[in-house]
Structures are given as structure tokens and as C-alpha cells.
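S.K.: Contents of query_22.csv (CSV, C-alpha atoms) are given next:
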chain,number,residue,atom,x,y,z
I,1,MET,CA,21.9,10.6,6.2
I,2,ALA,CA,24.7,8.3,5.4
I,3,LEU,CA,22.4,6.1,3.3
I,4,VAL,CA,21.3,9.2,1.3
I,5,GLU,CA,24.9,10.4,0.8
I,6,ALA,CA,25.9,6.9,-0.4
I,7,PHE,CA,23.1,7.0,-2.9
I,8,TRP,CA,24.1,10.2,-4.7
I,9,PRO,CA,27.4,9.3,-6.4
I,10,SER,CA,25.8,6.5,-8.4
I,11,LEU,CA,22.8,8.8,-9.1
I,12,CYS,CA,25.0,11.6,-10.4
I,13,LEU,CA,26.9,9.2,-12.7
I,14,THR,CA,23.6,8.0,-14.1
I,15,LEU,CA,22.4,11.5,-14.6
I,16,VAL,CA,25.2,12.4,-16.9
I,17,VAL,CA,23.4,10.2,-19.4
I,18,LEU,CA,20.5,12.6,-19.3
I,19,SER,CA,22.7,15.3,-20.9
I,20,LEU,CA,22.1,13.4,-24.1
I,21,GLN,CA,18.8,13.7,-25.9
I,22,LEU,CA,16.5,10.9,-24.6
I,23,PRO,CA,14.8,9.1,-27.5
I,24,PRO,CA,11.0,9.8,-27.5
I,25,SER,CA,10.3,6.0,-27.6
I,26,LEU,CA,11.7,5.6,-24.0
I,27,PRO,CA,9.1,5.0,-21.3
I,28,HIS,CA,8.2,7.9,-19.1
I,29,ALA,CA,10.0,8.2,-15.7
I,30,SER,CA,7.7,7.5,-12.8
I,31,PHE,CA,8.0,9.2,-9.4
I,32,VAL,CA,5.9,7.4,-6.9
I,33,PHE,CA,4.7,8.9,-3.6
I,34,GLY,CA,2.4,7.4,-1.0
I,35,ASP,CA,2.0,4.7,1.6
I,36,SER,CA,2.2,0.9,1.9
I,37,LEU,CA,0.0,0.4,-1.2
I,38,VAL,CA,2.9,1.5,-3.3
I,39,ASP,CA,6.0,1.3,-1.1
I,40,ALA,CA,8.7,-0.5,-3.0
I,41,GLY,CA,11.0,-1.1,0.1
I,42,ASN,CA,11.8,2.3,1.7
I,43,ASN,CA,10.6,1.1,5.1
I,44,ASP,CA,13.2,-1.7,4.9
I,45,TYR,CA,15.8,1.1,5.5
I,46,ILE,CA,14.3,2.9,8.5
I,47,PHE,CA,13.5,1.9,12.1
I,48,THR,CA,9.8,1.1,12.0
I,49,LEU,CA,7.2,-1.4,13.1
I,50,SER,CA,5.7,-1.2,9.6
I,51,LYS,CA,7.8,-3.6,7.4
I,52,ALA,CA,7.2,-6.2,4.8
I,53,ASP,CA,10.8,-7.5,4.7
I,54,SER,CA,10.1,-11.1,5.6
I,55,PRO,CA,8.3,-14.1,3.8
I,56,PRO,CA,5.7,-14.7,2.6
I,57,TYR,CA,5.6,-11.1,1.4
I,58,GLY,CA,6.8,-11.0,-2.2
I,59,ILE,CA,6.2,-14.7,-2.7
I,60,ASP,CA,4.8,-14.0,-6.2
I,61,PHE,CA,7.2,-11.1,-7.1
I,62,ALA,CA,9.0,-12.7,-10.1
I,63,PRO,CA,12.0,-10.2,-10.3
I,64,SER,CA,13.1,-11.1,-6.8
I,65,GLY,CA,12.5,-14.9,-7.2
I,66,GLY,CA,9.7,-14.7,-4.6
I,67,ARG,CA,11.8,-13.0,-2.0
I,68,PRO,CA,10.5,-10.0,0.0
I,69,THR,CA,11.3,-6.6,-1.5
I,70,GLY,CA,9.5,-4.4,1.1
I,71,ARG,CA,6.2,-4.4,-0.9
I,72,PHE,CA,3.2,-5.0,1.3
I,73,THR,CA,1.6,-7.6,-0.9
I,74,ASN,CA,2.4,-11.0,-2.5
I,75,GLY,CA,3.5,-9.6,-5.8
I,76,ARG,CA,3.4,-6.3,-7.7
I,77,THR,CA,1.8,-3.1,-6.6
I,78,VAL,CA,-0.6,-1.1,-8.8
I,79,SER,CA,2.2,1.4,-9.8
I,80,ASP,CA,4.4,-1.6,-10.7
I,81,ILE,CA,1.8,-3.0,-13.0
I,82,ILE,CA,1.0,0.3,-14.7
I,83,GLY,CA,4.6,1.0,-15.3
I,84,GLN,CA,5.1,-2.4,-16.9
I,85,ALA,CA,2.0,-2.0,-19.1
I,86,MET,CA,3.4,1.3,-20.4
I,87,GLY,CA,6.7,-0.2,-21.4
I,88,ASP,CA,9.0,0.1,-18.3
I,89,SER,CA,11.6,-2.5,-18.2
I,90,SER,CA,12.4,-1.9,-14.6
I,91,PHE,CA,10.6,-0.6,-11.5
I,92,PRO,CA,11.5,2.7,-9.9
I,93,PRO,CA,13.8,1.8,-7.1
I,94,ALA,CA,13.2,2.7,-3.5
I,95,TYR,CA,14.8,6.1,-2.7
I,96,LEU,CA,16.3,4.9,0.6
I,97,ALA,CA,17.8,1.7,-0.7
I,98,PRO,CA,21.6,1.9,-0.6
I,99,ASN,CA,22.0,0.1,-3.9
I,100,THR,CA,19.7,2.4,-5.8
I,101,SER,CA,21.8,2.9,-9.0
I,102,SER,CA,19.2,2.4,-11.7
I,103,ASN,CA,19.0,4.9,-14.5
I,104,ILE,CA,17.1,7.9,-13.3
I,105,SER,CA,15.0,7.7,-16.5
I,106,SER,CA,12.9,5.0,-14.8
I,107,GLY,CA,12.1,7.3,-11.9
I,108,ILE,CA,12.3,6.8,-8.1
I,109,ASN,CA,9.9,5.4,-5.5
I,110,TYR,CA,9.6,7.5,-2.3
I,111,ALA,CA,6.5,5.8,-0.8
I,112,SER,CA,6.6,4.7,2.8
I,113,GLY,CA,4.3,2.3,4.7
I,114,SER,CA,2.2,3.7,7.5
I,115,SER,CA,2.7,7.3,6.3
I,116,GLY,CA,0.0,9.7,5.5
I,117,ILE,CA,-0.9,13.1,4.2
I,118,LEU,CA,-0.5,14.5,7.7
I,119,ASP,CA,2.9,14.4,9.3
I,120,GLU,CA,1.7,12.8,12.6
I,121,THR,CA,-0.1,9.9,10.8
I,122,GLY,CA,1.5,6.6,11.6
I,123,SER,CA,3.4,7.8,14.7
I,124,LEU,CA,2.5,4.6,16.6
I,125,PHE,CA,4.7,2.7,14.1
I,126,ILE,CA,7.6,4.9,15.1
I,127,GLY,CA,9.4,5.3,11.7
I,128,ARG,CA,7.8,6.3,8.4
I,129,VAL,CA,8.4,9.0,5.8
I,130,PRO,CA,5.4,11.4,5.7
I,131,LEU,CA,4.2,12.6,2.3
I,132,GLY,CA,5.8,16.1,2.8
I,133,GLN,CA,9.2,14.5,3.5
I,134,GLN,CA,8.9,12.3,0.5
I,135,ILE,CA,8.4,15.4,-1.6
I,136,ASN,CA,11.4,17.0,0.1
I,137,TYR,CA,13.5,13.9,-0.9
I,138,PHE,CA,12.3,14.4,-4.5
I,139,GLU,CA,13.4,18.1,-4.3
I,140,GLU,CA,16.8,16.9,-3.4
I,141,THR,CA,16.8,14.5,-6.3
I,142,ARG,CA,15.8,17.4,-8.6
I,143,GLY,CA,18.6,19.6,-7.2
I,144,PHE,CA,21.2,17.0,-8.1
I,145,MET,CA,19.7,16.6,-11.6
I,146,VAL,CA,20.0,20.4,-12.1
I,147,GLY,CA,23.6,20.3,-10.8
I,148,VAL,CA,24.5,17.7,-13.5
I,149,VAL,CA,22.4,18.6,-16.5
I,150,GLY,CA,21.1,22.1,-15.8
I,151,GLU,CA,17.8,23.6,-15.1
I,152,ASN,CA,16.4,23.5,-18.7
I,153,ALA,CA,17.2,19.8,-19.3
I,154,THR,CA,15.8,18.9,-15.9
I,155,ALA,CA,12.6,20.8,-16.6
I,156,GLU,CA,12.2,19.1,-20.0
I,157,PHE,CA,12.8,15.7,-18.5
I,158,LEU,CA,10.2,16.2,-15.7
I,159,LYS,CA,7.6,17.5,-18.1
I,160,THR,CA,7.0,14.0,-19.4
I,161,ALA,CA,7.4,12.2,-16.1
I,162,ILE,CA,4.5,10.7,-14.2
I,163,PHE,CA,4.0,11.7,-10.6
I,164,SER,CA,1.6,9.4,-8.7
I,165,VAL,CA,0.4,10.2,-5.2
I,166,THR,CA,-1.4,7.4,-3.3
I,167,SER,CA,-1.9,8.7,0.2
I,168,GLY,CA,-4.7,9.2,2.8
I,169,SER,CA,-5.7,5.7,3.8
I,170,ASN,CA,-3.6,5.8,7.0
I,171,ASP,CA,-4.9,9.2,8.0
I,172,ILE,CA,-8.4,7.6,7.9
I,173,LEU,CA,-7.3,4.5,9.7
I,174,ASN,CA,-5.6,6.5,12.5
I,175,TYR,CA,-8.8,8.5,12.9
I,176,LEU,CA,-10.9,5.4,13.2
I,177,GLU,CA,-8.7,3.7,15.8
I,178,PRO,CA,-9.6,4.3,19.5
I,179,SER,CA,-8.0,7.4,21.0
I,180,ILE,CA,-5.1,6.8,23.3
I,181,PRO,CA,-5.8,8.8,26.5
I,182,PHE,CA,-2.2,9.8,27.4
I,183,LEU,CA,-1.7,11.4,24.0
I,184,GLY,CA,-4.4,13.9,25.0
I,185,LYS,CA,-5.6,14.7,21.5
I,186,GLU,CA,-9.2,15.2,20.8
I,187,LYS,CA,-10.6,13.9,17.5
I,188,VAL,CA,-12.0,16.5,15.1
I,189,ALA,CA,-15.3,16.2,13.4
I,190,PRO,CA,-15.3,14.0,10.2
I,191,ALA,CA,-15.9,16.9,7.9
I,192,VAL,CA,-13.1,18.8,9.5
I,193,LEU,CA,-10.7,15.9,9.0
I,194,GLN,CA,-11.7,15.6,5.3
I,195,ASP,CA,-11.0,19.3,4.8
I,196,ILE,CA,-7.7,19.2,6.6
I,197,MET,CA,-6.6,16.2,4.5
I,198,VAL,CA,-7.7,17.8,1.2
I,199,SER,CA,-6.0,21.1,2.1
I,200,ASN,CA,-2.7,19.5,3.1
I,201,LEU,CA,-2.7,17.3,0.0
I,202,THR,CA,-3.4,20.3,-2.2
I,203,LEU,CA,-0.4,22.1,-0.7
I,204,HIS,CA,1.8,19.0,-1.4
I,205,LEU,CA,0.6,18.8,-5.0
I,206,LYS,CA,1.2,22.5,-5.6
I,207,HIS,CA,4.7,22.1,-4.2
I,208,LEU,CA,5.4,19.3,-6.6
I,209,HIS,CA,4.1,21.5,-9.4
I,210,GLU,CA,6.4,24.3,-8.3
I,211,ILE,CA,9.5,22.0,-8.7
I,212,GLY,CA,8.6,20.6,-12.1
I,213,ALA,CA,5.8,18.1,-12.0
I,214,ARG,CA,3.3,18.4,-14.8
I,215,LYS,CA,1.5,15.0,-15.1
I,216,PHE,CA,-0.2,13.8,-12.0
I,217,ILE,CA,-2.1,10.7,-10.9
I,218,VAL,CA,-3.9,11.5,-7.6
I,219,VAL,CA,-5.4,8.3,-6.1
I,220,GLY,CA,-8.5,8.5,-4.0
I,221,ILE,CA,-9.0,6.3,-0.9
I,222,GLY,CA,-10.5,2.9,-1.4
I,223,PRO,CA,-13.4,1.4,0.6
I,224,LEU,CA,-11.4,0.8,3.8
I,225,GLY,CA,-14.7,-0.2,5.5
I,226,CYS,CA,-14.4,-3.5,3.6
I,227,ILE,CA,-10.8,-4.5,4.5
I,228,PRO,CA,-10.4,-7.3,7.1
I,229,TYR,CA,-8.8,-5.0,9.7
I,230,VAL,CA,-11.5,-2.4,9.7
I,231,ARG,CA,-14.3,-5.0,9.6
I,232,ALA,CA,-12.7,-6.6,12.7
I,233,LEU,CA,-12.2,-3.2,14.4
I,234,MET,CA,-15.8,-2.2,13.8
I,235,LEU,CA,-17.2,-5.7,14.5
I,236,VAL,CA,-18.8,-6.0,11.0
I,237,GLU,CA,-20.1,-9.4,10.0
I,238,ASN,CA,-19.0,-11.3,6.9
I,239,GLY,CA,-20.4,-10.0,3.7
I,240,LYS,CA,-20.8,-6.5,4.9
I,241,CYS,CA,-18.6,-3.4,5.2
I,242,SER,CA,-18.4,-0.6,7.7
I,243,SER,CA,-20.8,2.1,6.4
I,244,ILE,CA,-19.4,4.7,8.9
I,245,THR,CA,-15.9,4.2,7.4
I,246,ASN,CA,-17.0,4.2,3.8
I,247,ASN,CA,-19.2,7.2,4.2
I,248,LEU,CA,-16.2,9.1,5.7
I,249,ILE,CA,-14.1,8.1,2.8
I,250,GLN,CA,-16.7,8.9,0.1
I,251,GLY,CA,-17.1,12.4,1.6
I,252,TYR,CA,-13.3,12.9,1.4
I,253,ASN,CA,-13.0,11.5,-2.1
I,254,MET,CA,-15.8,13.9,-3.3
I,255,LYS,CA,-14.0,16.9,-1.9
I,256,LEU,CA,-10.7,15.7,-3.4
I,257,SER,CA,-12.1,15.1,-6.8
I,258,ARG,CA,-13.6,18.6,-6.8
I,259,LYS,CA,-10.2,20.1,-5.8
I,260,ILE,CA,-8.6,18.1,-8.6
I,261,SER,CA,-11.0,19.6,-11.1
I,262,GLN,CA,-10.2,23.0,-9.7
I,263,LEU,CA,-6.5,22.5,-10.1
I,264,ASN,CA,-6.9,21.4,-13.7
I,265,GLN,CA,-8.8,24.6,-14.4
I,266,GLU,CA,-6.2,26.7,-12.7
I,267,MET,CA,-3.1,25.1,-14.1
I,268,GLY,CA,-4.1,23.5,-17.4
I,269,PRO,CA,-3.4,22.7,-20.2
I,270,GLU,CA,0.4,22.7,-19.4
I,271,THR,CA,-0.4,20.6,-16.3
I,272,ILE,CA,-2.9,17.8,-15.9
I,273,PHE,CA,-4.1,16.1,-12.7
I,274,VAL,CA,-5.9,12.7,-13.1
I,275,TYR,CA,-8.1,11.7,-10.3
I,276,ALA,CA,-8.0,7.9,-9.9
I,277,ASN,CA,-11.3,6.6,-8.4
I,278,SER,CA,-9.9,3.5,-6.6
I,279,TYR,CA,-13.0,3.4,-4.4
I,280,GLN,CA,-15.3,2.7,-7.3
I,281,ILE,CA,-13.0,0.0,-8.8
I,282,VAL,CA,-12.5,-1.8,-5.5
I,283,ILE,CA,-16.1,-1.6,-4.4
I,284,GLU,CA,-17.2,-3.2,-7.7
I,285,ILE,CA,-14.7,-6.0,-7.2
I,286,ILE,CA,-16.0,-6.6,-3.6
I,287,ARG,CA,-19.7,-6.6,-4.7
I,288,ASN,CA,-19.1,-8.8,-7.7
I,289,TYR,CA,-16.0,-10.7,-6.6
I,290,ARG,CA,-17.0,-14.0,-8.2
I,291,ARG,CA,-17.4,-12.3,-11.6
I,292,TYR,CA,-13.8,-11.3,-11.3
I,293,GLY,CA,-12.6,-14.8,-10.5
I,294,PHE,CA,-12.3,-14.5,-6.7
I,295,GLU,CA,-13.7,-16.9,-4.2
I,296,ASN,CA,-13.0,-15.1,-0.9
I,297,VAL,CA,-13.7,-11.4,-0.3
I,298,ASN,CA,-13.9,-11.5,3.6
I,299,ASP,CA,-10.6,-13.0,4.8
I,300,PRO,CA,-7.0,-12.2,4.1
I,301,CYS,CA,-4.9,-14.8,2.3
I,302,CYS,CA,-2.2,-14.4,5.0
I,303,GLY,CA,-2.4,-13.7,8.7
I,304,GLY,CA,-6.1,-14.2,9.6
I,305,SER,CA,-9.0,-11.9,10.2
I,306,LEU,CA,-8.5,-11.3,13.9
I,307,PRO,CA,-5.8,-9.5,15.9
I,308,PRO,CA,-2.9,-9.3,15.8
I,309,PHE,CA,-3.3,-9.7,12.0
I,310,LEU,CA,0.4,-10.8,11.5
I,311,CYS,CA,1.5,-12.2,8.2
I,312,PHE,CA,4.9,-13.9,8.6
I,313,ARG,CA,6.8,-17.1,8.1
I,314,GLY,CA,8.4,-18.6,11.2
I,315,PRO,CA,10.9,-21.4,11.5
I,316,ASP,CA,8.2,-24.0,11.3
I,317,ALA,CA,4.5,-24.4,10.5
I,318,ASN,CA,3.4,-23.9,14.1
I,319,SER,CA,5.0,-20.5,14.3
I,320,SER,CA,4.0,-19.3,10.9
I,321,SER,CA,0.9,-17.4,9.7
I,322,ILE,CA,-1.6,-19.4,7.7
I,323,VAL,CA,-1.3,-18.7,4.0
I,324,CYS,CA,-4.1,-19.5,1.6
I,325,LYS,CA,-3.4,-22.2,-1.1
I,326,ASP,CA,-4.5,-20.1,-4.1
I,327,ARG,CA,-3.6,-16.4,-3.8
I,328,SER,CA,-5.3,-15.6,-7.0
I,329,LYS,CA,-8.7,-16.4,-5.4
I,330,TYR,CA,-8.4,-13.8,-2.6
I,331,VAL,CA,-9.2,-10.1,-2.8
I,332,PHE,CA,-7.0,-9.3,0.2
I,333,TRP,CA,-3.4,-10.4,0.8
I,334,ASP,CA,-3.3,-9.4,4.5
I,335,ALA,CA,-5.7,-7.5,6.8
I,336,TYR,CA,-4.9,-4.2,5.1
I,337,HIS,CA,-3.6,-4.8,1.5
I,338,PRO,CA,-4.9,-6.3,-1.7
I,339,THR,CA,-3.4,-9.3,-3.5
I,340,GLU,CA,-1.5,-8.9,-6.8
I,341,ALA,CA,-4.6,-10.3,-8.5
I,342,THR,CA,-6.7,-7.4,-7.2
I,343,ASN,CA,-3.9,-4.9,-8.0
I,344,ILE,CA,-3.9,-6.2,-11.7
I,345,ILE,CA,-7.7,-5.4,-12.0
I,346,ILE,CA,-7.2,-2.0,-10.4
I,347,ALA,CA,-4.3,-1.1,-12.7
I,348,ASN,CA,-6.1,-2.2,-15.8
I,349,ARG,CA,-9.2,-0.2,-15.0
I,350,LEU,CA,-7.1,2.9,-14.3
I,351,LEU,CA,-5.2,2.4,-17.5
I,352,ASN,CA,-8.1,1.8,-19.8
I,353,GLY,CA,-11.3,2.8,-17.9
I,354,ASP,CA,-13.8,5.5,-18.5
I,355,SER,CA,-14.4,8.8,-16.6
I,356,SER,CA,-16.1,6.9,-13.7
I,357,VAL,CA,-12.7,5.5,-12.6
I,358,ALA,CA,-10.2,8.0,-14.0
I,359,TYR,CA,-10.9,11.7,-14.7
I,360,PRO,CA,-10.5,13.7,-16.9
I,361,VAL,CA,-8.6,11.0,-18.8
I,362,ASN,CA,-7.4,7.5,-18.0
I,363,VAL,CA,-3.8,6.7,-17.1
I,364,ARG,CA,-2.9,5.5,-20.6
I,365,LYS,CA,-4.0,8.8,-22.1
I,366,LEU,CA,-2.2,10.6,-19.4
I,367,TYR,CA,1.1,9.0,-20.5
I,368,GLU,CA,0.3,10.2,-24.1
I,369,TYR,CA,-0.7,13.7,-23.0
I,370,ALA,CA,1.6,16.4,-24.3
I,371,THR,CA,2.2,19.1,-21.7
Let me see the file written as C-alpha cells.

M.R.:
Amino acid sequence: MALVEAFWPSLCLTLVVLSLQLPPSLPHASFVFGDSLVDAGNNDYIFTLSKADSPPYGIDFAPSGGRPTGRFTNGRTVSDIIGQAMGDSSFPPAYLAPNTSSNISSGINYASGSSGILDETGSLFIGRVPLGQQINYFEETRGFMVGVVGENATAEFLKTAIFSVTSGSNDILNYLEPSIPFLGKEKVAPAVLQDIMVSNLTLHLKHLHEIGARKFIVVGIGPLGCIPYVRALMLVENGKCSSITNNLIQGYNMKLSRKISQLNQEMGPETIFVYANSYQIVIEIIRNYRRYGFENVNDPCCGGSLPPFLCFRGPDANSSSIVCKDRSKYVFWDAYHPTEATNIIIANRLLNGDSSVAYPVNVRKLYEYAT
């Protein structure tokens, strides 16, 4: 709590600026929610086994000079890349960082590695900020904004902001992992899990809408059956993916995309939800990886393809993970996450792609959309 309290004085000072009319040419604020695919360092400030706070994580992240920032990749995340492409001069800071004093007009990142749509997801990693708690943190942010500039100015500011939600992968991964007997919890049927996830995510999206969000990016789950961790877990040979895993994900994504269409019908045109079909983008990369300039689609660049899947730099070469020589040639950075090179392709497709990857409009058009 002390970290949060330390954060607010600098935030409130910054918010005073918002009492002035923001020029329309300023980039949109971006409020980022989700898991390790978009975490910008929140897990660095909680007690958790899920961290990316040591080298070689961040080795290609130019703003930090190659030092770790808590991002679970070698460079930028998809949300970082999209923000830069749309004119942002800085990245939304991690909400829990004690030095978060950037102008609120750039937004805030609430994402937390190992978290999921469901509160219990990621419990084996001990600490994480579930999606519902991330939204509660945003509600606190909004409350302070209202206290400084008033309800009307806050509502106008949030109308143009982008709210991106990238969550669900860990819910699926936790479901796939072997049950732990002493926890005594039976697995539900796959269709039931899909419905529970969609139902809970819908409640979270509606909560965000109730407190001011109007422009959403809701990211579907990628083909986890192809990531090194799942391929090892399911004993899948090189060049193939776990069909059981990908079928589960495709069923969930189909139900989610239908729900997004329903929400657009119910809440439009003042509100718009964009469904980001990350599955389609990533599976195309995997199937045609050489066409995209990659040389390795099976192995992670860092940490190896077998347990314990650790990516770290020790005091010497003998105690450090093996890191590939050319990170731009690998689809996967570690056993779970894509490289920056892959993230760039995903971001560009979401920004400029057709309805097969972003629906009902692409992300660039979402930024331009007048609510």
C-alpha cells in the first residue's frame, strides 16, 4: 500500500495539467491490462516467482540501454510498438513502480505476469495482479483524476483513451498443467472453462465501460499449442503444435469474438470493441516463418526447450542460460513469450490489417474513431 500511496502525489501534480484543454494532436492515452505479454514491470514490485527483472531480459530495449525493465521479452511488447507507431513519445509506466511520475496523458500499464482472467490463475507463482484487481487499480486512478479535474473533464479525457486487454493465456496454461492432488480441485470440461472465461472477461469489460472506457482492444489468445513450453509439456515433436491446446483456444476465441460483436451491438456507436485475432497472426508466422525472415520456430532464443525453461544470466557462462546469437531470427524469446521481432509483426498486422485479424476495424482506425 505504501508504494501506491507514494505514487499518488506525483500523479495528482501531473493531473493538474489536464485541467487545461489538451491539444487534439496529442497521442491518445493508453491504459494497458493483461499478463506477461504486456507487463511493463509491475511484477518487479510484488513478491512473485514470475519476474523478468534480470538479464538478458530487455537486452534490446533501447530506452533502458538494454537493461531489464520487467518486460518478458528481449525488447518491446506489442502494446509498446503500437503506441510508438501512433505517436507516443513515452511508454505507459507500470502502475506499481514507485517512480511513476509520467504525465497521465500517456496512460498507465496495469498488466501483471502470470495473471489471468480468473482470480485464482497463477497462484503457484504466489504474487500476481489478477485482471479484476488491475481494473480496481484503474478505478483508483480514475477517482484521483476526478478529484483533481472533475467528473466531466475526466470523462472527456477517457473517451479518447485506448483500453487494451490481453488476458487469458495463463488461464489456459493453468488448465493444461497436471492437477496437483493436494489442491483437491477437479478440472471442468473444456467448453465450461471457455464459457467461464468469456463470462468473467465480459464482466470486466463492462466494469471498465461503466467507469469511462469507450475504445477497447480485446486480444484473443494466441496458438499456445506451438510455444516451446506447451510442446515440451505435451511431448510434441519439432515442427508440430499441440492440437488439443489449439483446439481449446480456438473454441474460446470463437466464443469471445461473438461476445465482442454482441457488445458492439449493445453499446455502439459511442463505444467500440476491437477484437484482435492474435491467433491468426501468430499461426501464420509459425506456418510461414521463413517468409517472415525467421530461421527458428521451434526453440526459444533464451533458456532452452526443456525444463526448467529458465532464461537468466549468471556470474559466468557456465551458470547462464544459452542465448541465441541473432534474436531477430527466432520467433520465441523464451519458452513462453515471443521475441521483439515477432511482436513487431503482430503489432503491424493489428495496426493495418483487414477484418481477419482485427474486427470491426483495425487498431489504427480505432485510434481515429470518434466516440

S.K.: Quick one: contact table of range 126-198 of chain I to range 263-287 of chain I, 10 Å max, nearest atom pair and distance in Å to one decimal per residue, counting all atoms listed in the file, chain and number order, as CSV?

M.R.:
residue,atom,partner,partner_atom,distance
I:Lys159,CA,I:Thr271,CA,8.8
I:Phe163,CA,I:Phe273,CA,9.5
I:Ser164,CA,I:Val274,CA,9.3
I:Val165,CA,I:Ala276,CA,9.9
I:Thr166,CA,I:Ala276,CA,9.3

S.K.: Write out as a tab-separated table a residue-level contact list of range 133-173 of chain I versus range 205-224 of chain I with cut-off 9 Å: for each qualifying residue the closest pair of atoms and the distance in Å to one decimal, counting only C-alpha atoms, rows sorted by chain and residue number upward.

M.R.:
residue	atom	partner	partner_atom	distance
I:Ile135	CA	I:Leu208	CA	7.0
I:Phe138	CA	I:Leu208	CA	8.7
I:Glu139	CA	I:Ile211	CA	7.1
I:Arg142	CA	I:Ile211	CA	7.8
I:Thr154	CA	I:Gly212	CA	8.3
I:Ala155	CA	I:Gly212	CA	6.0
I:Glu156	CA	I:Gly212	CA	8.8
I:Leu158	CA	I:Gly212	CA	5.9
I:Lys159	CA	I:Arg214	CA	5.5
I:Thr160	CA	I:Lys215	CA	7.1
I:Ala161	CA	I:Lys215	CA	6.6
I:Ile162	CA	I:Lys215	CA	5.3
I:Phe163	CA	I:Phe216	CA	4.9
I:Ser164	CA	I:Ile217	CA	4.5
I:Val165	CA	I:Val218	CA	5.1
I:Thr166	CA	I:Val219	CA	5.0
I:Ser167	CA	I:Val219	CA	7.2
I:Gly168	CA	I:Ile221	CA	6.4
I:Ser169	CA	I:Ile221	CA	5.8
I:Ile172	CA	I:Leu224	CA	8.5
I:Leu173	CA	I:Leu224	CA	8.1

S.K.: Limited to C-alpha atoms, could you put the picked residues into a file as a short mmCIF file (atom, residue, chain, number, x, y, z; two decimals), keeping the file's coordinate frame?

M.R.:
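Result written to out16.cif:
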data_model
loop_
_atom_site.label_atom_id
_atom_site.label_comp_id
_atom_site.auth_asym_id
_atom_site.auth_seq_id
_atom_site.Cartn_x
_atom_site.Cartn_y
_atom_site.Cartn_z
CA ILE I 135 8.40 15.40 -1.60
CA PHE I 138 12.30 14.40 -4.50
CA GLU I 139 13.40 18.10 -4.30
CA ARG I 142 15.80 17.40 -8.60
CA THR I 154 15.80 18.90 -15.90
CA ALA I 155 12.60 20.80 -16.60
CA GLU I 156 12.20 19.10 -20.00
CA LEU I 158 10.20 16.20 -15.70
CA LYS I 159 7.60 17.50 -18.10
CA THR I 160 7.00 14.00 -19.40
CA ALA I 161 7.40 12.20 -16.10
CA ILE I 162 4.50 10.70 -14.20
CA PHE I 163 4.00 11.70 -10.60
CA SER I 164 1.60 9.40 -8.70
CA VAL I 165 0.40 10.20 -5.20
CA THR I 166 -1.40 7.40 -3.30
CA SER I 167 -1.90 8.70 0.20
CA GLY I 168 -4.70 9.20 2.80
CA SER I 169 -5.70 5.70 3.80
CA ILE I 172 -8.40 7.60 7.90
CA LEU I 173 -7.30 4.50 9.70
#

S.K.: How far is it from CA of Gly304 in chain I to CA of Ala335 in chain I, in Å with one decimal?

M.R.: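 Interatomic distance, CA of Gly304 in chain I to CA of Ala335 in chain I: 7.3 Å.
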
S.K.: Please build the interface table for range 96-127 of chain I against range 39-60 of chain I with a cut-off of 10 Å, listing for each qualifying residue the nearest atom pair and the distance in Å to one decimal; count all atoms listed in the file, order rows by chain and increasing number, and write it as a Markdown table.

M.R.:
| residue | atom | partner | partner_atom | distance |
| --- | --- | --- | --- | --- |
| I:Leu96 | CA | I:Asn42 | CA | 5.3 |
| I:Ala97 | CA | I:Asn42 | CA | 6.5 |
| I:Pro98 | CA | I:Tyr45 | CA | 8.5 |
| I:Ile108 | CA | I:Ala40 | CA | 9.6 |
| I:Asn109 | CA | I:Ala40 | CA | 6.5 |
| I:Tyr110 | CA | I:Asn42 | CA | 6.9 |
| I:Ala111 | CA | I:Asp39 | CA | 4.5 |
| I:Ser112 | CA | I:Asp39 | CA | 5.2 |
| I:Gly113 | CA | I:Asp39 | CA | 6.1 |
| I:Ser114 | CA | I:Ser50 | CA | 6.4 |
| I:Ser115 | CA | I:Ser50 | CA | 9.6 |
| I:Gly122 | CA | I:Ser50 | CA | 9.1 |
| I:Ser123 | CA | I:Thr48 | CA | 9.7 |
| I:Leu124 | CA | I:Leu49 | CA | 8.4 |
| I:Phe125 | CA | I:Leu49 | CA | 4.9 |
| I:Ile126 | CA | I:Thr48 | CA | 5.4 |
| I:Gly127 | CA | I:Thr48 | CA | 4.2 |

S.K.: Once you have the residues from the selection above, write them out as a PDB file, in the frame of the given file, restricted to C-alpha atoms.

M.R.:
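Output (out27.pdb):
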ATOM      1  CA  LEU I  96      16.300   4.900   0.600  1.00  0.00           C
ATOM      2  CA  ALA I  97      17.800   1.700  -0.700  1.00  0.00           C
ATOM      3  CA  PRO I  98      21.600   1.900  -0.600  1.00  0.00           C
ATOM      4  CA  ILE I 108      12.300   6.800  -8.100  1.00  0.00           C
ATOM      5  CA  ASN I 109       9.900   5.400  -5.500  1.00  0.00           C
ATOM      6  CA  TYR I 110       9.600   7.500  -2.300  1.00  0.00           C
ATOM      7  CA  ALA I 111       6.500   5.800  -0.800  1.00  0.00           C
ATOM      8  CA  SER I 112       6.600   4.700   2.800  1.00  0.00           C
ATOM      9  CA  GLY I 113       4.300   2.300   4.700  1.00  0.00           C
ATOM     10  CA  SER I 114       2.200   3.700   7.500  1.00  0.00           C
ATOM     11  CA  SER I 115       2.700   7.300   6.300  1.00  0.00           C
ATOM     12  CA  GLY I 122       1.500   6.600  11.600  1.00  0.00           C
ATOM     13  CA  SER I 123       3.400   7.800  14.700  1.00  0.00           C
ATOM     14  CA  LEU I 124       2.500   4.600  16.600  1.00  0.00           C
ATOM     15  CA  PHE I 125       4.700   2.700  14.100  1.00  0.00           C
ATOM     16  CA  ILE I 126       7.600   4.900  15.100  1.00  0.00           C
ATOM     17  CA  GLY I 127       9.400   5.300  11.700  1.00  0.00           C
TER      18      GLY I 127
END

S.K.: Name the residues in contact with Ser321 in chain I at a cut-off of 6 Å, using all atoms listed in the file, excluding same-chain residues fewer than 6 positions from it; report them as a list in words.

M.R.: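 That gives Gly303, Cys311 and Phe312 of chain I.
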
S.K.: Would you work out the distance separating CA of Asp171 in chain I from CA of Phe309 in chain I, expressed in Å to one decimal?

M.R.: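 CA of Phe309 in chain I lies 19.4 Å from CA of Asp171 in chain I.
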